[in-house]
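Chemist: See target_29.pdb below, with PDB, C-alpha atoms and all ligand atoms.
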MODEL        1
ATOM      1  CA  MET A   1     -18.645  57.480  -8.527  1.00  0.00           C
ATOM      2  CA  LYS A   2     -19.780  56.428 -11.991  1.00  0.00           C
ATOM      3  CA  ARG A   3     -17.818  53.820 -13.917  1.00  0.00           C
ATOM      4  CA  TYR A   4     -17.708  54.587 -17.605  1.00  0.00           C
ATOM      5  CA  GLN A   5     -15.771  51.482 -18.638  1.00  0.00           C
ATOM      6  CA  GLY A   6     -16.155  47.740 -18.393  1.00  0.00           C
ATOM      7  CA  VAL A   7     -19.248  46.039 -17.063  1.00  0.00           C
ATOM      8  CA  SER A   8     -20.845  47.029 -13.794  1.00  0.00           C
ATOM      9  CA  GLU A   9     -23.660  45.942 -11.553  1.00  0.00           C
ATOM     10  CA  ILE A  10     -25.891  48.741 -10.362  1.00  0.00           C
ATOM     11  CA  GLU A  11     -29.191  49.109  -8.537  1.00  0.00           C
ATOM     12  CA  LEU A  12     -32.200  50.797 -10.061  1.00  0.00           C
ATOM     13  CA  HIS A  13     -35.482  51.534  -8.287  1.00  0.00           C
ATOM     14  CA  ILE A  14     -38.165  50.537 -10.752  1.00  0.00           C
ATOM     15  CA  ASN A  15     -41.829  51.043  -9.955  1.00  0.00           C
ATOM     16  CA  GLY A  16     -41.009  51.073  -6.252  1.00  0.00           C
ATOM     17  CA  ARG A  17     -38.855  47.934  -6.292  1.00  0.00           C
ATOM     18  CA  PRO A  18     -35.058  47.647  -6.167  1.00  0.00           C
ATOM     19  CA  ARG A  19     -33.632  45.832  -9.201  1.00  0.00           C
ATOM     20  CA  ARG A  20     -29.993  44.920  -9.705  1.00  0.00           C
ATOM     21  CA  VAL A  21     -28.764  44.893 -13.281  1.00  0.00           C
ATOM     22  CA  THR A  22     -25.479  44.250 -15.015  1.00  0.00           C
ATOM     23  CA  ILE A  23     -24.805  46.885 -17.625  1.00  0.00           C
ATOM     24  CA  ARG A  24     -22.220  48.178 -20.040  1.00  0.00           C
ATOM     25  CA  PRO A  25     -21.432  51.913 -19.933  1.00  0.00           C
ATOM     26  CA  GLY A  26     -23.231  52.671 -23.202  1.00  0.00           C
ATOM     27  CA  ASP A  27     -26.472  50.831 -22.391  1.00  0.00           C
ATOM     28  CA  THR A  28     -29.519  53.014 -22.658  1.00  0.00           C
ATOM     29  CA  LEU A  29     -32.245  52.890 -20.051  1.00  0.00           C
ATOM     30  CA  LEU A  30     -34.691  51.866 -22.791  1.00  0.00           C
ATOM     31  CA  ARG A  31     -32.689  48.764 -23.692  1.00  0.00           C
ATOM     32  CA  THR A  32     -32.093  47.852 -20.059  1.00  0.00           C
ATOM     33  CA  LEU A  33     -35.797  48.096 -19.293  1.00  0.00           C
ATOM     34  CA  ARG A  34     -36.869  46.055 -22.297  1.00  0.00           C
ATOM     35  CA  GLU A  35     -34.039  43.607 -22.874  1.00  0.00           C
ATOM     36  CA  THR A  36     -32.605  43.045 -19.397  1.00  0.00           C
ATOM     37  CA  LEU A  37     -35.657  43.502 -17.208  1.00  0.00           C
ATOM     38  CA  GLY A  38     -38.383  42.430 -19.637  1.00  0.00           C
ATOM     39  CA  LEU A  39     -40.406  45.602 -19.095  1.00  0.00           C
ATOM     40  CA  VAL A  40     -41.555  45.810 -22.701  1.00  0.00           C
ATOM     41  CA  GLY A  41     -44.371  48.277 -22.052  1.00  0.00           C
ATOM     42  CA  THR A  42     -41.826  51.008 -22.749  1.00  0.00           C
ATOM     43  CA  LYS A  43     -41.765  51.218 -26.541  1.00  0.00           C
ATOM     44  CA  MET A  44     -38.804  51.468 -28.867  1.00  0.00           C
ATOM     45  CA  GLY A  45     -39.593  53.958 -31.606  1.00  0.00           C
ATOM     46  CA  CYS A  46     -37.039  56.262 -33.214  1.00  0.00           C
ATOM     47  CA  GLU A  47     -34.280  55.656 -30.617  1.00  0.00           C
ATOM     48  CA  ASN A  48     -33.265  59.191 -31.406  1.00  0.00           C
ATOM     49  CA  GLY A  49     -35.131  61.307 -28.856  1.00  0.00           C
ATOM     50  CA  ASP A  50     -37.792  62.461 -31.303  1.00  0.00           C
ATOM     51  CA  CYS A  51     -40.982  60.408 -30.885  1.00  0.00           C
ATOM     52  CA  GLY A  52     -41.556  60.051 -27.121  1.00  0.00           C
ATOM     53  CA  ALA A  53     -42.594  56.372 -27.337  1.00  0.00           C
ATOM     54  CA  CYS A  54     -39.890  55.469 -24.817  1.00  0.00           C
ATOM     55  CA  THR A  55     -40.932  58.059 -22.197  1.00  0.00           C
ATOM     56  CA  VAL A  56     -40.540  57.014 -18.559  1.00  0.00           C
ATOM     57  CA  LEU A  57     -40.318  59.030 -15.352  1.00  0.00           C
ATOM     58  CA  LEU A  58     -36.968  59.529 -13.632  1.00  0.00           C
ATOM     59  CA  ASP A  59     -37.536  60.873 -10.126  1.00  0.00           C
ATOM     60  CA  GLY A  60     -40.973  61.918 -11.372  1.00  0.00           C
ATOM     61  CA  VAL A  61     -39.702  63.830 -14.403  1.00  0.00           C
ATOM     62  CA  PRO A  62     -40.537  62.562 -17.907  1.00  0.00           C
ATOM     63  CA  ILE A  63     -37.446  61.603 -19.872  1.00  0.00           C
ATOM     64  CA  LYS A  64     -36.759  59.777 -23.098  1.00  0.00           C
ATOM     65  CA  SER A  65     -35.196  56.513 -22.070  1.00  0.00           C
ATOM     66  CA  CYS A  66     -33.641  55.931 -25.524  1.00  0.00           C
ATOM     67  CA  ILE A  67     -31.235  58.817 -24.967  1.00  0.00           C
ATOM     68  CA  THR A  68     -30.649  58.261 -21.248  1.00  0.00           C
ATOM     69  CA  LEU A  69     -27.791  56.077 -20.040  1.00  0.00           C
ATOM     70  CA  THR A  70     -28.812  53.389 -17.571  1.00  0.00           C
ATOM     71  CA  LEU A  71     -25.788  54.383 -15.530  1.00  0.00           C
ATOM     72  CA  ASP A  72     -27.292  57.821 -15.006  1.00  0.00           C
ATOM     73  CA  ALA A  73     -30.412  56.248 -13.477  1.00  0.00           C
ATOM     74  CA  GLU A  74     -28.410  54.451 -10.779  1.00  0.00           C
ATOM     75  CA  GLY A  75     -30.112  54.747  -7.383  1.00  0.00           C
ATOM     76  CA  ARG A  76     -32.950  56.858  -8.790  1.00  0.00           C
ATOM     77  CA  ASP A  77     -36.685  56.186  -9.069  1.00  0.00           C
ATOM     78  CA  VAL A  78     -37.805  54.982 -12.477  1.00  0.00           C
ATOM     79  CA  THR A  79     -41.512  54.706 -13.275  1.00  0.00           C
ATOM     80  CA  THR A  80     -42.610  52.764 -16.337  1.00  0.00           C
ATOM     81  CA  ILE A  81     -46.062  52.079 -17.713  1.00  0.00           C
ATOM     82  CA  GLU A  82     -46.130  48.858 -15.693  1.00  0.00           C
ATOM     83  CA  GLY A  83     -46.025  51.077 -12.590  1.00  0.00           C
ATOM     84  CA  LEU A  84     -49.161  52.960 -13.650  1.00  0.00           C
ATOM     85  CA  SER A  85     -51.294  49.881 -14.122  1.00  0.00           C
ATOM     86  CA  ASP A  86     -54.960  50.669 -13.370  1.00  0.00           C
ATOM     87  CA  SER A  87     -54.097  54.292 -12.549  1.00  0.00           C
ATOM     88  CA  PRO A  88     -56.670  57.070 -13.170  1.00  0.00           C
ATOM     89  CA  ILE A  89     -54.764  58.293 -16.234  1.00  0.00           C
ATOM     90  CA  GLN A  90     -54.572  54.805 -17.740  1.00  0.00           C
ATOM     91  CA  ARG A  91     -58.307  54.269 -17.150  1.00  0.00           C
ATOM     92  CA  ALA A  92     -59.083  57.645 -18.748  1.00  0.00           C
ATOM     93  CA  PHE A  93     -57.163  56.650 -21.898  1.00  0.00           C
ATOM     94  CA  ILE A  94     -59.209  53.451 -22.096  1.00  0.00           C
ATOM     95  CA  GLU A  95     -62.559  55.078 -21.364  1.00  0.00           C
ATOM     96  CA  SER A  96     -62.107  57.941 -23.823  1.00  0.00           C
ATOM     97  CA  TYR A  97     -60.501  55.803 -26.557  1.00  0.00           C
ATOM     98  CA  GLY A  98     -57.269  57.820 -26.381  1.00  0.00           C
ATOM     99  CA  PHE A  99     -55.422  55.341 -28.598  1.00  0.00           C
ATOM    100  CA  GLN A 100     -55.684  53.274 -31.760  1.00  0.00           C
ATOM    101  CA  CYS A 101     -52.663  51.038 -32.454  1.00  0.00           C
ATOM    102  CA  GLY A 102     -51.416  51.814 -28.929  1.00  0.00           C
ATOM    103  CA  PHE A 103     -47.737  52.095 -29.782  1.00  0.00           C
ATOM    104  CA  CYS A 104     -47.405  55.671 -28.505  1.00  0.00           C
ATOM    105  CA  THR A 105     -49.767  55.130 -25.573  1.00  0.00           C
ATOM    106  CA  PRO A 106     -47.364  54.123 -22.763  1.00  0.00           C
ATOM    107  CA  GLY A 107     -45.222  57.197 -23.390  1.00  0.00           C
ATOM    108  CA  MET A 108     -48.310  59.387 -23.659  1.00  0.00           C
ATOM    109  CA  ILE A 109     -49.663  58.076 -20.353  1.00  0.00           C
ATOM    110  CA  LEU A 110     -46.352  58.596 -18.525  1.00  0.00           C
ATOM    111  CA  ASN A 111     -46.004  62.141 -19.828  1.00  0.00           C
ATOM    112  CA  ALA A 112     -49.647  62.960 -19.081  1.00  0.00           C
ATOM    113  CA  HIS A 113     -49.273  61.553 -15.562  1.00  0.00           C
ATOM    114  CA  ALA A 114     -46.306  63.871 -14.962  1.00  0.00           C
ATOM    115  CA  LEU A 115     -48.344  66.821 -16.222  1.00  0.00           C
ATOM    116  CA  LEU A 116     -51.220  66.089 -13.848  1.00  0.00           C
ATOM    117  CA  GLN A 117     -48.812  65.643 -10.958  1.00  0.00           C
ATOM    118  CA  SER A 118     -47.437  69.145 -11.538  1.00  0.00           C
ATOM    119  CA  ASN A 119     -50.712  70.739 -12.679  1.00  0.00           C
ATOM    120  CA  PRO A 120     -53.873  68.853 -11.667  1.00  0.00           C
ATOM    121  CA  SER A 121     -56.160  71.075 -13.740  1.00  0.00           C
ATOM    122  CA  PRO A 122     -54.378  72.034 -16.968  1.00  0.00           C
ATOM    123  CA  GLY A 123     -56.050  74.105 -19.681  1.00  0.00           C
ATOM    124  CA  ALA A 124     -56.286  72.906 -23.278  1.00  0.00           C
ATOM    125  CA  GLU A 125     -53.255  74.897 -24.405  1.00  0.00           C
ATOM    126  CA  THR A 126     -51.158  73.619 -21.520  1.00  0.00           C
ATOM    127  CA  VAL A 127     -52.097  70.028 -22.339  1.00  0.00           C
ATOM    128  CA  ARG A 128     -51.263  70.569 -25.996  1.00  0.00           C
ATOM    129  CA  SER A 129     -47.872  72.154 -25.410  1.00  0.00           C
ATOM    130  CA  TRP A 130     -46.873  69.682 -22.644  1.00  0.00           C
ATOM    131  CA  MET A 131     -47.656  66.730 -24.887  1.00  0.00           C
ATOM    132  CA  GLU A 132     -45.742  68.086 -27.888  1.00  0.00           C
ATOM    133  CA  SER A 133     -42.813  65.803 -27.077  1.00  0.00           C
ATOM    134  CA  ASN A 134     -44.912  62.714 -27.885  1.00  0.00           C
ATOM    135  CA  LEU A 135     -45.914  61.802 -31.423  1.00  0.00           C
ATOM    136  CA  CYS A 136     -48.959  59.763 -32.450  1.00  0.00           C
ATOM    137  CA  ARG A 137     -49.479  58.475 -35.991  1.00  0.00           C
ATOM    138  CA  CYS A 138     -53.077  57.382 -35.479  1.00  0.00           C
ATOM    139  CA  THR A 139     -55.403  59.429 -33.322  1.00  0.00           C
ATOM    140  CA  GLY A 140     -55.108  63.030 -34.469  1.00  0.00           C
ATOM    141  CA  TYR A 141     -54.403  63.879 -30.776  1.00  0.00           C
ATOM    142  CA  GLU A 142     -57.920  64.997 -29.834  1.00  0.00           C
ATOM    143  CA  PRO A 143     -58.866  61.726 -28.074  1.00  0.00           C
ATOM    144  CA  ILE A 144     -55.551  61.879 -26.211  1.00  0.00           C
ATOM    145  CA  GLU A 145     -56.225  65.415 -25.028  1.00  0.00           C
ATOM    146  CA  ASN A 146     -59.749  64.392 -24.024  1.00  0.00           C
ATOM    147  CA  ALA A 147     -58.336  61.486 -21.998  1.00  0.00           C
ATOM    148  CA  ILE A 148     -56.034  63.813 -20.099  1.00  0.00           C
ATOM    149  CA  ARG A 149     -58.836  66.230 -19.394  1.00  0.00           C
ATOM    150  CA  MET A 150     -61.059  63.348 -18.274  1.00  0.00           C
ATOM    151  CA  ALA A 151     -58.365  62.214 -15.841  1.00  0.00           C
ATOM    152  CA  ALA A 152     -58.175  65.781 -14.558  1.00  0.00           C
ATOM    153  CA  GLY A 153     -61.953  65.858 -14.092  1.00  0.00           C
ATOM    154  CA  ILE A 154     -62.375  68.586 -16.722  1.00  0.00           C
ATOM    155  CA  ASP A 155     -65.303  68.449 -19.142  1.00  0.00           C
ATOM    156  CA  SER A 156     -63.741  68.081 -22.624  1.00  0.00           C
ATOM    157  CA  ARG A 157     -66.242  70.638 -23.988  1.00  0.00           C
ATOM    158  CA  GLU A 158     -64.813  73.384 -21.754  1.00  0.00           C
TER     159      GLU A 158
HETATM  160  S1  LIG A 201     -37.757  55.924 -28.997  1.00  0.00           S
HETATM  161 FE1  LIG A 201     -37.095  57.459 -27.641  1.00  0.00          FE
HETATM  162  S2  LIG A 201     -37.838  59.320 -28.430  1.00  0.00           S
HETATM  163 FE2  LIG A 201     -38.353  57.817 -29.935  1.00  0.00          FE
HETATM  164  S1  LIG A 202     -52.212  55.230 -31.243  1.00  0.00           S
HETATM  165 FE1  LIG A 202     -50.959  54.550 -32.881  1.00  0.00          FE
HETATM  166  S2  LIG A 202     -49.220  55.859 -32.769  1.00  0.00           S
HETATM  167 FE2  LIG A 202     -50.589  56.674 -31.321  1.00  0.00          FE
ENDMDL
END
Hey, can you dump this file as structure tokens for me?

Modeler:
Amino acid sequence: MKRYQGVSEIELHINGRPRRVTIRPGDTLLRTLRETLGLVGTKMGCENGDCGACTVLLDGVPIKSCITLTLDAEGRDVTTIEGLSDSPIQRAFIESYGFQCGFCTPGMILNAHALLQSNPSPGAETVRSWMESNLCRCTGYEPIENAIRMAAGIDSRE
């Protein structure tokens, strides 16, 4: 039963590890990750659900942690960029220069990882439409799409 008043202690499963946190009912998952747990790889952009910088996976599904209550993640699996360290998709972003300032990159990598989990060989249009929820101010998107296709083992000229 969820407690929507006062302060409560709940358990989250973050990157495969149980973590107990004390939260207020209105705390967002983004702020809990960054400010309570120190997982600052998840970026704080618009805090309005528009930019995708705060994307994490909740039970494998990409969500925007700035508009998700921590309370609603109780007992569920949360994956942050720290959980994808040295993963194939992270390496592909590095090898194909799929970033510039890097601010959007954690959210991009999480969302791209979810795409490849559900569709290991996506076409260009699928990649483009899946990634529409994540904004980048720097790259023009092509290097990001190339990184995803590299991780999928697809020649970017196809
Ligand atoms: S910070 Fe969450 S969508 Fe922009
Ligand atoms: S690399 Fe700078 S916002 Fe995407």

Chemist: Please give me, as a list in words, the residues lying within 9 Å of ligand LIG 202 (chain A) when counting all atoms listed in the file.

Modeler: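 Checked against 9 Å with all atoms listed in the file; the hits are Ala53, Gly98, Phe99, Gln100, Cys101, Gly102, Phe103, Cys104, Thr105, Met108, Asn134, Leu135, Cys136, Arg137, Cys138, Thr139, Gly140, Tyr141 and Ile144 of chain A.
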
Chemist: Name all residues at most 12 Å from Pro18 of chain A (count all atoms listed in the file; drop same-chain ones fewer than 6 positions away) and give them as a tab-separated table (two decimals) with C-alpha atoms, keeping the file's coordinate frame.

Modeler:
chain	number	residue	atom	x	y	z
A	10	ILE	CA	-25.89	48.74	-10.36
A	11	GLU	CA	-29.19	49.11	-8.54
A	12	LEU	CA	-32.20	50.80	-10.06
A	37	LEU	CA	-35.66	43.50	-17.21
A	74	GLU	CA	-28.41	54.45	-10.78
A	75	GLY	CA	-30.11	54.75	-7.38
A	76	ARG	CA	-32.95	56.86	-8.79
A	77	ASP	CA	-36.68	56.19	-9.07
A	78	VAL	CA	-37.80	54.98	-12.48
A	79	THR	CA	-41.51	54.71	-13.28

Chemist: Using all atoms listed in the file, find the one residue out of A:Ser118, A:Thr80, A:Thr68, A:Gln90 that sits nearest to ligand LIG 201 (chain A).

Modeler: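 Counting all atoms listed in the file, the residue closest to ligand LIG 201 (chain A) is A:Thr68.
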
Chemist: Please extract the residues at most 10 Å from ligand LIG 201 (chain A), counting all atoms listed in the file, and provide them as a PyMOL selection string, using the chain letters and residue numbers of this document.

Modeler: chain A and resi 30+42-56+63-68+104+107+133-135

Chemist: Let me know the residues the PyMOL selection byres (((chain A and resi 92) around 12) and not hetatm) catches in the file above, as a PyMOL selection string.

Modeler: chain A and resi 85-91+93-99+105+108-109+112-113+143-154

Chemist: Keeping only C-alpha atoms, write those residues as a short mmCIF file (atom, residue, chain, number, x, y, z; two decimals), in the frame of the given file.

Modeler:
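Produced file result.cif, reproduced below:
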data_model
loop_
_atom_site.label_atom_id
_atom_site.label_comp_id
_atom_site.auth_asym_id
_atom_site.auth_seq_id
_atom_site.Cartn_x
_atom_site.Cartn_y
_atom_site.Cartn_z
CA SER A 85 -51.29 49.88 -14.12
CA ASP A 86 -54.96 50.67 -13.37
CA SER A 87 -54.10 54.29 -12.55
CA PRO A 88 -56.67 57.07 -13.17
CA ILE A 89 -54.76 58.29 -16.23
CA GLN A 90 -54.57 54.80 -17.74
CA ARG A 91 -58.31 54.27 -17.15
CA PHE A 93 -57.16 56.65 -21.90
CA ILE A 94 -59.21 53.45 -22.10
CA GLU A 95 -62.56 55.08 -21.36
CA SER A 96 -62.11 57.94 -23.82
CA TYR A 97 -60.50 55.80 -26.56
CA GLY A 98 -57.27 57.82 -26.38
CA PHE A 99 -55.42 55.34 -28.60
CA THR A 105 -49.77 55.13 -25.57
CA MET A 108 -48.31 59.39 -23.66
CA ILE A 109 -49.66 58.08 -20.35
CA ALA A 112 -49.65 62.96 -19.08
CA HIS A 113 -49.27 61.55 -15.56
CA PRO A 143 -58.87 61.73 -28.07
CA ILE A 144 -55.55 61.88 -26.21
CA GLU A 145 -56.22 65.42 -25.03
CA ASN A 146 -59.75 64.39 -24.02
CA ALA A 147 -58.34 61.49 -22.00
CA ILE A 148 -56.03 63.81 -20.10
CA ARG A 149 -58.84 66.23 -19.39
CA MET A 150 -61.06 63.35 -18.27
CA ALA A 151 -58.36 62.21 -15.84
CA ALA A 152 -58.18 65.78 -14.56
CA GLY A 153 -61.95 65.86 -14.09
CA ILE A 154 -62.38 68.59 -16.72
#

Chemist: Between atom CA of Gln117 of chain A and atom CA of Glu35 of chain A, what is the spacing in Å?

Modeler: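 Atom-to-atom, atom CA of Glu35 of chain A and atom CA of Gln117 of chain A are spaced 29.1 Å apart.
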
Chemist: In terms of the shortest atom-to-atom distance over only C-alpha atoms, which of A:Ala114, A:Ile14, A:Met131, A:Val7 is closest to Asp27 of chain A?

Modeler: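 With only C-alpha atoms as the atom set, the closest residue is A:Val7.
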